[in-house]
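> Here it is: the structure, laid out below.
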Amino acid sequence: MRLMLGTKDNPSLLVNVSQEHSPTQFDFWVVNGAWEGTFYNGYVTVHHPYNPHSSLDKVEILCDNQDRLRSDDWSGEYQNVFDNFHDESYVAPKREPVFFDAMDDDIPF
């Protein structure tokens, strides 16, 4: 599950939840920062690759709508999520699945 964290409609962290302990406590990976952390009652603790460090500013979950928080390509590009965050009607395009059996290639195996 993806969430947008921030303050007063100011999005700052696009996160993938790796383990939810409760609605107010979960572990995550920051998509737009490449680090791991924990959210606990509005406070963020940074973990790997840094030594544990807690934030002083309280943040909130601004959005949990997966259609709005989805990246629009396979590269994991996240800027479109931030660019369209304040447009509540925005829906990211769905990724088309790739069927490798249908690919025409000359690789013998």
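Labeling convention for the structure tokens: chains A, B, ... as they appear, residues from 1 per chain, ligands from 1 in order of appearance.
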From the DSSP assignment of the backbone, select every residue of stretch 31-74 of chain A that is strand (DSSP E or B), and format the answer as a ChimeraX atom specification.

/A:36-40,43-46,53-54,60-63

> Taking only C-alpha atoms into account, name the residue in A:Gly37, A:Gly42, A:Pro93, A:Pro52 that is nearest to A:Ser18.

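For A:Ser18, the nearest of the given residues is A:Gly37.
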
> Taking only chain A into account, list the residues labelled alpha helix (DSSP H) by DSSP (computed from the backbone), as a list in words.

Gln66, Asp67, Arg68, Leu69, Gln79, Asn80, Val81, Phe82 and Asp83 of chain A

> Quick one: residues within 12 Å of A:Asn80, only C-alpha atoms, excluding same-chain residues fewer than 5 positions away - as a list of chain:residue names?

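Neighbouring residues, sequence-local ones excluded: A:Leu14, A:Asn32, A:Arg68, A:Leu69, A:Arg70, A:Ser71, A:Asp72, A:Asp73, A:Phe85, A:His86, A:Asp87, A:Tyr90, A:Val91, A:Ala92, A:Pro93.
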
> What is the atom CA of A:Val31 to atom CA of A:Leu13 distance in Å?

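About the pair atom CA of A:Val31 and atom CA of A:Leu13: they are 7.6 Å apart.
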